[in-house]
Structure formats: C-alpha cells, structure tokens
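What's in input-v1.txt: compact mmCIF, C-alpha atoms
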# COMPACT_ATOMS: atom_id res chain seq x y z
CA MET O 1 220.87 33.01 -45.90
CA ASP O 2 217.81 32.74 -48.09
CA ILE O 3 215.17 34.39 -45.94
CA ARG O 4 212.39 33.69 -48.40
CA ALA O 5 213.15 29.98 -48.37
CA TYR O 6 213.38 29.97 -44.58
CA ILE O 7 209.99 31.64 -44.32
CA GLU O 8 208.51 29.05 -46.66
CA SER O 9 210.18 26.13 -44.90
CA GLY O 10 207.62 25.77 -42.13
CA ALA O 11 210.20 26.62 -39.49
CA ILE O 12 208.10 29.56 -38.33
CA GLU O 13 204.95 27.44 -37.89
CA SER O 14 206.98 24.78 -36.17
CA TYR O 15 208.27 27.37 -33.70
CA VAL O 16 204.90 29.01 -33.09
CA LEU O 17 203.12 25.72 -32.46
CA GLY O 18 205.85 24.58 -30.09
CA ILE O 19 206.91 21.66 -32.21
CA ALA O 20 210.41 22.94 -32.95
CA ASP O 21 213.19 21.44 -30.84
CA GLN O 22 215.59 23.57 -28.81
CA GLN O 23 218.09 23.97 -31.63
CA GLU O 24 215.40 25.05 -34.13
CA ALA O 25 213.86 27.44 -31.62
CA ALA O 26 217.21 29.08 -30.90
CA GLU O 27 217.88 29.45 -34.61
CA PHE O 28 214.44 30.97 -35.19
CA GLU O 29 214.80 33.48 -32.37
CA GLN O 30 218.17 34.58 -33.64
CA LEU O 31 216.90 35.01 -37.21
CA ALA O 32 213.73 36.74 -36.09
CA ALA O 33 215.79 39.26 -34.15
CA GLN O 34 217.82 39.84 -37.27
CA TYR O 35 215.18 39.88 -40.04
CA PRO O 36 211.98 41.90 -39.80
CA GLU O 37 210.49 39.79 -42.64
CA ILE O 38 210.70 36.73 -40.44
CA ARG O 39 209.06 38.58 -37.59
CA SER O 40 206.19 39.76 -39.77
CA ALA O 41 205.76 36.24 -41.23
CA ARG O 42 205.56 34.90 -37.68
CA GLU O 43 203.05 37.61 -36.74
CA ALA O 44 200.93 36.82 -39.82
CA PHE O 45 200.85 33.11 -38.97
CA GLU O 46 200.03 33.82 -35.32
CA ALA O 47 197.22 36.15 -36.36
CA SER O 48 195.67 33.61 -38.71
CA LEU O 49 196.07 30.90 -36.07
CA GLU O 50 194.23 33.09 -33.57
CA GLN O 51 191.52 33.90 -36.13
CA LYS O 52 191.07 30.23 -36.87
CA ALA O 53 190.94 29.29 -33.20
CA LEU O 54 188.41 32.02 -32.47
CA ALA O 55 186.32 30.88 -35.41
CA ASP O 56 186.44 27.29 -34.12
CA ALA O 57 185.60 28.36 -30.57
CA ILE O 58 183.36 26.07 -28.54
CA ALA O 59 181.74 27.75 -25.55
CA PRO O 60 182.81 25.96 -22.37
CA PRO O 61 180.25 25.21 -19.65
CA PRO O 62 179.55 28.39 -17.64
CA GLU O 63 180.47 26.85 -14.28
CA ILE O 64 184.16 27.07 -15.17
CA GLU O 65 184.28 30.85 -15.04
CA LYS O 66 182.43 30.79 -11.73
CA ALA O 67 184.94 28.31 -10.34
CA LEU O 68 187.79 30.47 -11.61
CA LEU O 69 186.36 33.63 -10.07
CA GLU O 70 186.31 31.83 -6.73
CA GLN O 71 189.73 30.31 -7.18
CA LEU O 72 191.71 33.32 -8.39
CA SER O 73 192.63 36.35 -6.37
CA PHE O 74 192.00 39.71 -7.94
CA GLN O 75 193.46 43.07 -7.06
CA LYS O 76 191.25 45.69 -8.65
CA PRO O 77 187.83 44.17 -7.98
CA ALA O 78 188.68 43.95 -4.32
CA ALA O 79 189.26 47.69 -4.44
CA VAL O 80 186.01 48.19 -6.36
CA ILE O 81 184.06 46.06 -3.91
CA ARG O 82 185.62 47.93 -1.04
CA ARG O 83 184.89 51.28 -2.60
CA LEU O 84 181.11 50.86 -2.49
CA PRO O 85 180.88 50.16 1.24
CA ILE O 86 183.24 53.06 1.82
CA LYS O 87 180.65 55.35 0.28
CA THR O 88 178.06 53.77 2.52
CA TYR O 89 180.34 54.17 5.53
CA ILE O 90 180.92 57.79 4.65
CA ALA O 91 177.20 58.36 4.28
CA ALA O 92 176.52 56.58 7.57
CA ALA O 93 179.33 58.49 9.25
CA ALA O 94 177.97 61.75 7.83
CA ILE O 95 174.53 60.99 9.22
CA VAL O 96 175.97 60.03 12.60
CA LEU O 97 178.06 63.20 12.63
CA LEU O 98 175.03 65.24 11.63
CA VAL O 99 173.01 63.76 14.49
CA ILE O 100 175.88 64.29 16.92
CA SER O 101 176.34 67.80 15.62
CA GLY O 102 172.62 68.48 15.98
CA GLY O 103 172.65 67.16 19.53
CA LEU O 104 175.75 69.16 20.29
CA ASN O 105 174.14 72.30 18.86
CA PHE O 106 171.10 71.80 21.08
CA TYR O 107 173.28 71.10 24.12
CA LEU O 108 175.55 74.06 23.44
CA TYR O 109 172.58 76.31 22.75
CA ASN O 110 171.09 75.36 26.12
CA ARG O 111 174.38 75.90 27.82
CA LEU O 112 174.76 79.24 26.13
CA ARG O 113 171.27 80.25 27.23
CA ASN O 114 172.01 79.11 30.79
CA SER O 115 175.27 80.98 30.69
CA ASP O 116 173.47 84.06 29.44
CA ASP O 117 171.00 83.79 32.30
CA ALA O 118 173.78 83.20 34.79
CA TYR O 119 175.70 86.12 33.34
CA ALA O 120 172.69 88.40 33.55
CA SER O 121 172.08 87.47 37.18
CA LEU O 122 175.76 87.89 37.98
CA LEU O 123 175.69 91.26 36.31
CA ALA O 124 172.65 92.24 38.37
CA ARG O 125 174.32 91.03 41.56
CA GLN O 126 177.47 92.84 40.66
CA THR O 127 175.51 96.04 40.06
CA SER O 128 173.69 95.68 43.34
CA LEU O 129 176.94 94.90 45.16
CA LEU O 130 178.49 97.94 43.58
CA THR O 131 175.57 100.03 44.71
CA ASP O 132 175.78 98.53 48.21
CA ASN O 133 179.47 99.12 48.17
CA GLN O 134 178.99 102.74 47.18
CA SER O 135 176.41 103.32 49.89
CA ILE O 136 178.65 101.60 52.42
CA GLN O 137 181.53 103.77 51.29
CA THR O 138 179.33 106.81 51.60
CA ARG O 139 178.30 105.73 55.10
CA MET O 140 181.92 104.98 55.96
CA LEU O 141 182.90 108.44 54.81
CA ASP O 142 180.05 109.93 56.83
CA MET O 143 181.16 107.93 59.84
CA TYR O 144 184.69 109.03 59.34
CA ASN O 145 183.62 112.62 59.02
CA SER O 146 181.51 112.16 62.14
CA MET O 147 184.44 110.74 64.02
CA GLN O 148 186.61 113.62 62.88
CA LEU O 149 183.95 116.02 64.05
CA MET O 150 183.44 114.29 67.39
CA SER O 151 187.11 114.34 68.16
CA ASP O 152 187.59 117.92 66.99
CA THR O 153 188.51 120.13 69.96
CA SER O 154 186.74 123.14 68.49
CA VAL O 155 183.47 121.23 68.50
CA THR O 156 181.35 121.43 71.61
CA LYS O 157 179.64 118.26 72.70
CA VAL O 158 176.26 118.58 74.35
CA SER O 159 174.84 115.44 75.91
CA MET O 160 171.08 115.44 76.13
CA THR O 161 169.65 113.25 78.87
CA PRO O 162 166.06 112.06 79.24
CA VAL O 163 163.46 114.11 81.05
CA PRO O 164 161.36 112.31 83.66
CA GLY O 165 159.04 109.79 82.00
CA LYS O 166 161.28 109.34 78.90
CA THR O 167 163.84 107.10 80.51
CA GLY O 168 166.21 105.38 78.14
CA SER O 169 166.28 108.17 75.56
CA PHE O 170 169.61 109.79 74.87
CA ALA O 171 171.06 112.03 72.16
CA THR O 172 174.12 114.18 71.59
CA VAL O 173 174.66 117.50 69.80
CA PHE O 174 178.00 118.41 68.25
CA TRP O 175 178.25 122.12 67.75
CA ASP O 176 181.07 123.65 65.78
CA ASN O 177 182.34 126.78 67.57
CA HIS O 178 183.61 128.37 64.35
CA THR O 179 181.09 127.51 61.68
CA LYS O 180 178.18 127.27 64.12
CA GLU O 181 177.08 124.10 62.39
CA VAL O 182 175.00 121.72 64.49
CA TYR O 183 175.12 117.91 64.20
CA LEU O 184 172.81 115.56 66.03
CA LEU O 185 173.65 112.00 67.03
CA PRO O 186 170.47 110.13 68.02
CA ASN O 187 172.18 107.70 70.41
CA LYS O 188 169.00 106.26 71.83
CA LEU O 189 165.70 107.47 70.49
CA ALA O 190 162.65 105.31 69.94
CA LYS O 191 161.67 105.14 66.30
CA ALA O 192 159.23 107.97 65.48
CA GLU O 193 155.65 106.89 64.79
CA PRO O 194 154.41 107.43 61.26
CA GLY O 195 153.50 111.06 60.68
CA LYS O 196 155.83 112.23 63.47
CA GLN O 197 159.40 113.53 63.50
CA TYR O 198 161.86 114.45 66.20
CA GLN O 199 162.65 118.18 66.24
CA LEU O 200 165.77 119.79 67.76
CA TRP O 201 165.48 123.03 69.64
CA ALA O 202 168.24 125.46 70.68
CA ILE O 203 167.48 127.36 73.85
CA VAL O 204 168.53 130.94 73.12
CA ASP O 205 168.00 133.51 75.90
CA GLY O 206 165.49 131.14 77.56
CA LYS O 207 163.42 130.73 74.37
CA PRO O 208 163.32 127.66 72.09
CA VAL O 209 164.63 128.25 68.56
CA ASP O 210 163.98 125.66 65.76
CA ALA O 211 167.18 123.80 64.91
CA GLY O 212 165.59 121.53 62.32
CA VAL O 213 163.83 118.18 62.12
CA MET O 214 165.69 114.89 62.18
CA GLY O 215 165.42 112.90 58.95
CA GLU O 216 166.86 109.50 58.02
CA CYS O 217 170.55 110.01 58.46
CA ALA O 218 173.56 107.75 58.81
CA GLY O 219 175.60 108.67 61.77
CA LEU O 220 175.31 112.41 62.41
CA CYS O 221 172.38 114.40 61.20
CA HIS O 222 173.24 117.83 59.90
CA MET O 223 170.87 120.32 61.53
CA LYS O 224 170.41 124.11 61.16
CA ASN O 225 173.23 126.48 62.13
CA ILE O 226 172.80 127.93 65.56
CA PRO O 227 174.94 131.00 66.39
CA ARG O 228 174.14 131.06 70.10
CA ALA O 229 172.51 128.69 72.59
CA SER O 230 172.55 127.81 76.25
CA ALA O 231 170.94 124.38 75.91
CA PHE O 232 169.47 121.92 73.37
CA ALA O 233 166.28 119.81 73.55
CA ILE O 234 164.35 117.34 71.39
CA THR O 235 160.60 117.02 71.13
CA LEU O 236 158.45 114.71 69.04
CA GLU O 237 156.39 116.83 66.63
CA LYS O 238 154.16 116.32 63.63
CA GLU O 239 156.01 115.61 60.40
CA GLY O 240 157.85 118.66 59.11
CA GLY O 241 158.20 120.19 62.56
CA SER O 242 156.33 122.84 64.58
CA PRO O 243 157.04 126.58 65.11
CA THR O 244 156.98 126.04 68.88
CA PRO O 245 157.82 122.90 70.81
CA THR O 246 155.10 120.71 72.32
CA MET O 247 156.41 120.55 75.86
CA SER O 248 154.47 117.40 76.71
CA GLN O 249 156.49 115.65 74.02
CA LEU O 250 159.88 116.69 75.34
CA TYR O 251 162.25 113.73 75.31
CA VAL O 252 165.79 114.83 76.08
CA PHE O 253 167.47 118.02 77.34
CA GLY O 254 171.09 119.06 77.75
CA LYS O 255 172.84 122.25 78.82
CA VAL O 256 175.80 123.64 76.89
CA SER O 257 178.63 123.39 79.32
CA MET W 1 182.86 37.95 -28.37
CA GLU W 2 180.13 40.22 -27.09
CA SER W 3 182.33 42.29 -24.84
CA ALA W 4 181.94 45.94 -25.73
CA GLN W 5 185.35 46.77 -24.36
CA LYS W 6 188.39 46.28 -26.53
CA TYR W 7 191.93 46.12 -25.29
CA SER W 8 195.10 46.33 -27.29
CA GLU W 9 197.39 43.42 -26.50
CA PRO W 10 199.88 45.44 -24.43
CA GLU W 11 196.94 46.91 -22.41
CA LEU W 12 195.51 43.47 -21.92
CA VAL W 13 198.83 42.08 -20.69
CA ALA W 14 199.45 45.07 -18.41
CA LEU W 15 195.99 44.79 -16.85
CA LEU W 16 196.33 41.04 -16.45
CA ARG W 17 199.54 41.63 -14.56
CA GLU W 18 197.65 44.02 -12.30
CA LYS W 19 195.18 41.17 -11.65
CA SER W 20 192.24 43.21 -12.85
CA GLN W 21 188.97 41.32 -12.57
CA PRO W 22 187.19 43.10 -15.46
CA VAL W 23 190.10 42.20 -17.69
CA PHE W 24 190.01 38.62 -16.54
CA HIS W 25 186.35 38.53 -17.48
CA TYR W 26 187.18 40.00 -20.89
CA LEU W 27 189.99 37.51 -21.43
CA TYR W 28 187.79 34.61 -20.45
CA GLU W 29 184.87 35.76 -22.54
CA HIS W 30 187.11 36.40 -25.51
CA TYR W 31 189.38 33.34 -25.46
CA SER W 32 187.84 30.57 -23.34
CA GLY W 33 185.95 29.19 -26.36
CA ALA W 34 189.03 29.08 -28.57
CA LEU W 35 191.14 27.48 -25.85
CA TYR W 36 188.41 25.03 -24.89
CA SER W 37 188.18 23.99 -28.52
CA ILE W 38 191.96 23.42 -28.66
CA ILE W 39 191.93 21.45 -25.40
CA LEU W 40 188.96 19.38 -26.49
CA GLY W 41 190.76 18.64 -29.76
CA ILE W 42 193.61 17.07 -27.79
CA VAL W 43 192.03 15.41 -24.76
CA ARG W 44 188.85 14.40 -26.60
CA ASP W 45 186.77 14.24 -23.45
CA GLU W 46 184.52 17.01 -22.23
CA GLU W 47 184.93 16.30 -18.52
CA LEU W 48 188.71 16.28 -18.82
CA ALA W 49 188.65 19.31 -21.10
CA LYS W 50 186.71 21.32 -18.51
CA ASP W 51 189.31 20.54 -15.85
CA VAL W 52 192.14 21.39 -18.22
CA LEU W 53 190.51 24.68 -19.25
CA GLN W 54 190.20 25.72 -15.62
CA GLU W 55 193.81 24.74 -14.97
CA VAL W 56 194.91 26.66 -18.08
CA PHE W 57 193.24 29.89 -16.96
CA VAL W 58 194.80 29.52 -13.52
CA LYS W 59 198.20 29.15 -15.20
CA ILE W 60 197.59 32.12 -17.49
CA TRP W 61 196.59 34.15 -14.45
CA LYS W 62 199.58 33.13 -12.37
CA GLN W 63 202.23 33.05 -15.07
CA VAL W 64 201.32 36.14 -17.08
CA ASP W 65 204.47 37.82 -15.74
CA SER W 66 206.55 35.26 -17.64
CA TYR W 67 204.85 36.07 -20.95
CA ASP W 68 207.36 37.67 -23.32
CA ALA W 69 205.71 39.80 -26.00
CA GLY W 70 208.96 39.68 -28.00
CA LYS W 71 208.49 35.98 -28.62
CA GLY W 72 204.94 36.06 -29.88
CA ARG W 73 201.33 37.06 -29.41
CA LEU W 74 199.50 36.59 -26.14
CA PHE W 75 197.15 34.13 -27.80
CA THR W 76 200.05 31.99 -29.03
CA TRP W 77 201.39 31.90 -25.49
CA MET W 78 197.99 30.88 -24.14
CA LEU W 79 197.54 28.32 -26.92
CA ASN W 80 200.80 26.65 -25.97
CA ILE W 81 199.84 26.61 -22.29
CA ALA W 82 196.56 24.97 -23.25
CA ARG W 83 198.25 22.54 -25.60
CA ASN W 84 200.92 21.54 -23.08
CA ALA W 85 198.40 21.12 -20.28
CA SER W 86 196.25 18.96 -22.56
CA ILE W 87 199.20 16.84 -23.63
CA ASP W 88 200.19 16.32 -19.99
CA VAL W 89 196.72 14.88 -19.39
CA VAL W 90 196.80 12.76 -22.53
CA ARG W 91 200.18 11.32 -21.62
CA SER W 92 199.26 10.65 -17.99
CA LYS W 93 199.06 7.03 -16.89
CA ALA W 94 195.43 7.39 -15.86
CA TYR W 95 194.45 8.67 -19.25
CA GLN W 96 196.32 5.98 -21.08
CA GLN W 97 194.83 3.30 -18.84
CA ASN W 98 191.35 4.64 -19.37
CA LEU W 99 191.90 4.85 -23.10
CA HIS W 100 193.25 1.35 -23.16
CA ASN W 101 190.18 -0.02 -21.42
CA LYS W 102 187.73 2.08 -23.32
CA GLU W 103 189.04 1.86 -26.78
CA LEU W 104 190.78 -0.54 -28.95
CA ASN W 105 194.40 -0.71 -29.42
CA GLU W 106 196.02 2.72 -29.21
CA GLU W 107 198.39 1.97 -31.99
CA THR W 108 195.58 1.09 -34.33
CA ARG W 109 193.84 4.31 -33.49
CA LEU W 110 196.92 6.37 -34.07
CA LEU W 111 198.12 4.76 -37.20
CA THR W 112 194.85 4.48 -39.00
CA GLY W 113 193.11 7.47 -37.53
CA ILE W 114 189.86 5.58 -37.50
CA THR W 115 188.51 7.04 -34.30
CA GLU W 116 185.89 9.20 -35.89
CA SER W 117 184.57 10.74 -32.68
CA LYS W 118 182.82 14.07 -32.68
CA THR W 119 186.00 15.71 -31.49
CA ASP W 120 187.54 14.99 -34.84
CA HIS W 121 185.51 17.84 -36.24
CA ILE W 122 187.11 20.37 -33.96
CA GLY W 123 189.52 23.02 -35.15
CA LEU W 124 192.96 21.95 -36.26
CA ARG W 125 192.16 18.28 -35.90
CA LYS W 126 189.54 18.64 -38.57
CA LEU W 127 192.10 20.25 -40.87
CA VAL W 128 194.61 17.53 -40.17
CA HIS W 129 192.24 15.06 -41.79
CA HIS W 130 192.82 16.81 -45.09
CA LEU W 131 196.53 16.17 -44.92
CA LYS W 132 198.39 13.34 -46.57
CA GLU W 133 198.50 10.34 -44.27
CA ASP W 134 202.20 10.47 -43.33
CA TYR W 135 201.85 14.19 -42.64
CA ARG W 136 198.73 13.54 -40.60
CA LEU W 137 200.55 11.05 -38.40
CA LEU W 138 203.42 13.39 -37.71
CA ILE W 139 201.12 16.29 -36.83
CA GLU W 140 199.07 13.96 -34.66
CA LEU W 141 202.13 12.82 -32.76
CA ALA W 142 203.85 16.18 -32.57
CA TYR W 143 201.02 18.64 -32.06
CA PHE W 144 198.31 16.54 -30.46
CA GLN W 145 200.41 14.06 -28.50
CA GLY W 146 203.41 16.22 -27.76
CA TYR W 147 206.09 13.87 -29.03
CA THR W 148 209.40 15.50 -29.77
CA GLN W 149 210.80 15.19 -33.24
CA ASP W 150 213.58 13.05 -31.82
CA GLU W 151 211.06 10.71 -30.19
CA MET W 152 209.15 10.44 -33.41
CA SER W 153 212.30 9.70 -35.35
CA LYS W 154 213.01 6.77 -33.03
CA MET W 155 209.42 5.62 -32.81
CA LEU W 156 208.85 5.61 -36.53
CA SER W 157 212.43 4.70 -37.49
CA ILE W 158 212.71 7.72 -39.76
CA PRO W 159 215.81 9.93 -39.79
CA LEU W 160 215.39 13.11 -37.72
CA GLY W 161 216.02 15.26 -40.77
CA THR W 162 213.16 13.58 -42.60
CA VAL W 163 210.86 14.05 -39.63
CA LYS W 164 211.70 17.73 -39.58
CA THR W 165 211.25 18.21 -43.31
CA ARG W 166 207.94 16.37 -43.42
CA LEU W 167 206.58 18.12 -40.35
CA ARG W 168 207.48 21.48 -41.80
CA SER W 169 205.81 20.63 -45.10
CA ALA W 170 202.73 19.51 -43.23
CA LEU W 171 202.73 22.76 -41.27
CA ILE W 172 203.02 24.79 -44.47
CA GLN W 173 199.92 23.02 -45.76
CA LEU W 174 198.11 23.67 -42.51
CA ARG W 175 199.16 27.28 -42.66
CA GLU W 176 197.63 27.64 -46.09
CA MET W 177 194.43 26.02 -44.83
CA ILE W 178 193.98 28.41 -41.96
CA LYS W 179 194.84 31.54 -43.92
CA PRO W 180 191.84 33.81 -43.86
Would you put the structure from the file into structure tokens?
Amino acid sequence: MDIRAYIESGAIESYVLGIADQQEAAEFEQLAAQYPEIRSAREAFEASLEQKALADAIAPPPEIEKALLEQLSFQKPAAVIRRLPIKTYIAAAAIVLLVISGGLNFYLYNRLRNSDDAYASLLARQTSLLTDNQSIQTRMLDMYNSMQLMSDTSVTKVSMTPVPGKTGSFATVFWDNHTKEVYLLPNKLAKAEPGKQYQLWAIVDGKPVDAGVMGECAGLCHMKNIPRASAFAITLEKEGGSPTPTMSQLYVFGKVS
Amino acid sequence: MESAQKYSEPELVALLREKSQPVFHYLYEHYSGALYSIILGIVRDEELAKDVLQEVFVKIWKQVDSYDAGKGRLFTWMLNIARNASIDVVRSKAYQQNLHNKELNEETRLLTGITESKTDHIGLRKLVHHLKEDYRLLIELAYFQGYTQDEMSKMLSIPLGTVKTRLRSALIQLREMIKP
C-alpha cells in the first residue's frame, strides 16, 4: 500500500469532515491504526481545521450561554455554590454555639456558686451537728455514769427534803462509801438568781462543813469529798459560796440514814 | 479566547465528563465562536443558527462520554456535531418550505451558487468559492447539505467512483487553503 499516495488522496480530509461513507471510514480507521504517518497526517489536518475555524469565529449572541447555563446540570458548581453557605452555616453555628456556651458558662457558674454556698452551709450544719452530737454523747456518758453511781450499792443515797417555807424544793446526795466522793442531783431547785449559787453543806459533828458550790452540771454535780457526815443541807449563797451557811437561806435538809 | 486558564485536551475531556461548570464556561468561551461560524455557514440564518448552537452545546454536554479520542480531536468531534445538527435543520421540511417561499428556485441557487448572502463570506464557505465549479458543487452538497456520496452520484448521474475522486481532490485543495 502506498501510504504517501493515500495521504495525498484526500481520504483523510474526507474522513475528518464526515463526508466519507462507511466503507471509506472503516478503511481509514484500519489504516490509521496501522500507520503512524496516517495518524499524524490526520492530526495535522484536524489542527489546521481547528485553527481555521477559530480564526473564522463569529461571536454568538450572549444570551445563548445564559440559556445553556440554565438548561444544563452541572456537578462541580453545585458543590462550589453549596460550599459557600456551608462556611456561613459553620460561622453561624459557631456563633450560636459560642452564645450557648457563654450562657451555659454563666448558668453553670451560678450553679457552682450556689452549690458552694450550699456546701458551706451543709458543712457548718454538719460541724454543729457533730458538736451537738459530741455534747449529747458526753451528757449520755455522764447520765450513764450517774445511773451506775445511783444504782451502786456502795453508794449512800441521801434525800434532802424542803424545810418549812421552801416547799417544792428537793435534792439528792450520792455519797460513795469507799472514795468518799459526793455527787449532788438537784431534783427540784428553783433556778438561782444572778449573783447567787446553791452551796452544799455536810453536817459533821453538828457543824456545817463546805461541800462545794453547785455549778452548771448535766445530771450529777461532782462536789467536794466528805469523809464523814451525819446530814447534808443546801443553802443559797452569794456566788462562789460562803464560809458559813446563811441559815435563813436554807432550802433542803436530809439526814444520812 | 481571553480565558486565562488553559486545558490540555485530555484534561478538558475529563473535566467535561465530570460536568464541571468552569470547564463548560471555558469550552463555550473558546469554541462557541468557531462552532457558531460553522453553523451559520450551513443554515445561513442567524435565528436558526442560535437555536442550533444551543442544541449543539447541549449535545456536546450530554454526549461527551461517547467522544473517542482515538478517532480524532475534540474539536473535530464538536465540528461534526455542529455540522450534522445544522444539516438536520437545513434538510427539515420547514426549512425547505421557508427557503422555497423566500428564495428562488433551490436548484438554481445550488447549481449556480448565485446566492451571494453575507453568510457566503463565512469560514469554509468562503474558501469553497475559490474552488473549481464542479468541485464547489460537490463540497456544497456533501459538506454543507449532508448528501452522501451515493446520493450525489444518483442526483448528478455521475459514477460513485468519480464523485469520490473529485470530492477528495476538492478536499485536498481546501486542505491546502486552510494550512496555516
């Protein structure tokens, strides 16, 4: 096959311009696949055809592109168009989140402060309850000890009854036979006026001996040790007690049985 | 061709297949003038040419998957879409009817080539005027009117072989004219 002659025959141009019939087109495609010269001749003609067409270009009316842009569906631009609002959405969402976060911070801060206050008050209550508890325990222990003492057979119980004119007053002395310790239970004694205190006296050989003043005590009041006594009595004295009892202020009296 | 961006042909084809809008814009900006000129050269009516150009770009857009780079350049493919779409219009009944009413006898126009409208100065058609008359007729019928060589052989009562030989000679002359 004379390739040169074929190239110069116009068969290539006929094919490129779509004038060739089916048989010619098939022949061309077969030869082009076989001979690179034919392919490059075709490419050269196509290139010059394109050059010529571009040189002869006549600008179409602009409305055609507009119509096409409306008519055709595009993939990428849709993504591009969508991308911009996404940025806006993100920005808007960020602002909304910031506001929510700010609000949340304020709310949580307030709650934290309230919680702190509540915690502090709980802590204070707990401390006070603990203190109360301790004092109650102490009193319970005292009471228990008192009960032990009262029921102890080696402890002598002296009931002091009111003297005439002091009706209603009543007190009891618990006197340990071994240790000689004296405990006073003020069963019924009017509250001492300010500046005054009740004072216990042991009657030893007919004479009153100071057995101590009664302070604020839970349950039994621990008084002074008394080795010997025939009776006990309580008078109301000035604060701190007196060396001798004021007989006019005698409230209760009880013999040791 | 003011577009700053340049695509190689494989890039262009790949992006067209992805339906990229920027690439469509590039394609349109780059080739719409050339294709419009080709269409105008065949349909010879601006209103019709506008419709055909729009149709051609829709076809390019929708059929780009069927483009086979092994068979030729993208532009050649587009040119043939434009040419075929234009010929379809030219050969439609409506067009023929309109032409018949508007102009003189079609045969006279074809055979003498006397219709010296402004579209005769466009692109290939202008070159065709420089061809020998029997060549000019064959190119007119084959390229601009879309007649097959077989049809022309029957129409003009010339043997098919002669039609082919003459057409090819005419094309060789055209080729030399458009060489840069």
Write out, as CSV, each residue of chain W that has an atom at most 7 Å from chain O, together with the closest pair of atoms and their distance in Å to one decimal, counting all atoms listed in the file, rows going by chain and rising number.
residue,atom,partner,partner_atom,distance
W:Glu18,CA,O:Gln75,CA,6.8
W:Lys19,CA,O:Phe74,CA,5.1
W:Ser20,CA,O:Lys76,CA,5.0
W:Gln21,CA,O:Pro77,CA,5.5
W:Ser32,CA,O:Pro60,CA,6.9
W:Gly33,CA,O:Ala57,CA,4.3
W:Ala34,CA,O:Ala57,CA,4.0
W:Tyr36,CA,O:Pro60,CA,6.2
W:Ser37,CA,O:Ile58,CA,5.2
W:Gln54,CA,O:Ile64,CA,6.2
W:Arg73,CA,O:Glu46,CA,6.9
W:Phe75,CA,O:Glu50,CA,6.5
W:Thr76,CA,O:Glu46,CA,6.6
W:Asn80,CA,O:Gly18,CA,6.8
W:Ile122,CA,O:Asp56,CA,7.0
W:Gly123,CA,O:Asp56,CA,5.4
W:Ala142,CA,O:Ile19,CA,6.3
W:Tyr143,CA,O:Ile19,CA,6.6
W:Arg168,CA,O:Gly10,CA,4.3
W:Ser169,CA,O:Gly10,CA,6.2
W:Leu171,CA,O:Gly10,CA,5.8
W:Ile172,CA,O:Gly10,CA,5.3
W:Ile178,CA,O:Lys52,CA,6.1
W:Lys179,CA,O:Ser48,CA,5.7
W:Pro180,CA,O:Ser48,CA,6.4
### Query
Given the choices O:Pro194, O:Gly212, O:Gly206, O:Pro243, which gets closest to Glu181 in chain O if the distance is worked out from all atoms listed in the file?
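Checking each of O:Pro194, O:Gly212, O:Gly206, O:Pro243 against Glu181 in chain O, counting all atoms listed in the file, the winner is O:Gly212.
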Select, counting all atoms listed in the file, all protein, DNA and RNA residues no farther than 10 Å from (188.7, 20.7, -17.0) in file coordinates, and express the selection as a short mmCIF file (atom, residue, chain, number, x, y, z; two decimals) with C-alpha atoms, in the frame of the given file.
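Listed below is the output, point.cif:
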data_model
loop_
_atom_site.label_atom_id
_atom_site.label_comp_id
_atom_site.auth_asym_id
_atom_site.auth_seq_id
_atom_site.Cartn_x
_atom_site.Cartn_y
_atom_site.Cartn_z
CA PRO O 60 182.81 25.96 -22.37
CA PRO O 61 180.25 25.21 -19.65
CA ILE O 64 184.16 27.07 -15.17
CA TYR W 36 188.41 25.03 -24.89
CA ILE W 39 191.93 21.45 -25.40
CA LEU W 40 188.96 19.38 -26.49
CA VAL W 43 192.03 15.41 -24.76
CA ASP W 45 186.77 14.24 -23.45
CA GLU W 46 184.52 17.01 -22.23
CA GLU W 47 184.93 16.30 -18.52
CA LEU W 48 188.71 16.28 -18.82
CA ALA W 49 188.65 19.31 -21.10
CA LYS W 50 186.71 21.32 -18.51
CA ASP W 51 189.31 20.54 -15.85
CA VAL W 52 192.14 21.39 -18.22
CA LEU W 53 190.51 24.68 -19.25
CA GLN W 54 190.20 25.72 -15.62
CA GLU W 55 193.81 24.74 -14.97
CA VAL W 56 194.91 26.66 -18.08
CA SER W 86 196.25 18.96 -22.56
#
### Task
Tell me, in Å to one decimal, how far CA of Pro162 in chain O is from CA of Gly254 in chain O.
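For CA of Pro162 in chain O relative to CA of Gly254 in chain O, the distance reads 8.7 Å.
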### Query
Suppose you want the space between CA of Lys87 in chain O and CA of Pro22 in chain W; what is it in Å?
21.0 Å
### Task
For CA of Gln173 in chain W and CA of Leu131 in chain W, quote the distance in Å rounded to one decimal.
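So the answer is 7.7 Å.
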### For Tyr251 in chain O, the nearest of the candidates O:Ala190, O:Leu149, O:Ala120, O:Ala93, counting only C-alpha atoms
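Of all the options, O:Ala190 lies closest to Tyr251 in chain O.
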### Query
Given the choices O:Asn225, O:Thr235, O:Gln148, O:Thr88, which gets closest to Leu250 in chain O if the distance is worked out from all atoms listed in the file?
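Of O:Asn225, O:Thr235, O:Gln148, O:Thr88, the one nearest Leu250 in chain O is O:Thr235, counting all atoms listed in the file.
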#### Entry: Nearby residues (only C-alpha atoms) at most 10 Å from Arg166 in chain W, same-chain spacing under 6 positions excluded, as number ranges by chain
O: 10; W: 134-135, 138-139, 160, 172
### Task
Please provide as a ChimeraX atom specification all residues within 12 Å of range 128-145 of chain O, with the sequence filter that same-chain residues fewer than 3 positions apart are discarded (counting only C-alpha atoms).
/O:121-125,148-152,183,185,217-222
### Task
Name the residues within 10 Å of (154.4, 116.9, 60.3), counting all atoms listed in the file in the file's coordinates, and put them as a list of chain:residue names.
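Within 10 Å of (154.4, 116.9, 60.3), the protein and nucleic acid residues are O:Pro194, O:Gly195, O:Lys196, O:Gln197, O:Tyr198, O:Val213, O:Leu236, O:Glu237, O:Lys238, O:Glu239, O:Gly240, O:Gly241, O:Ser242.
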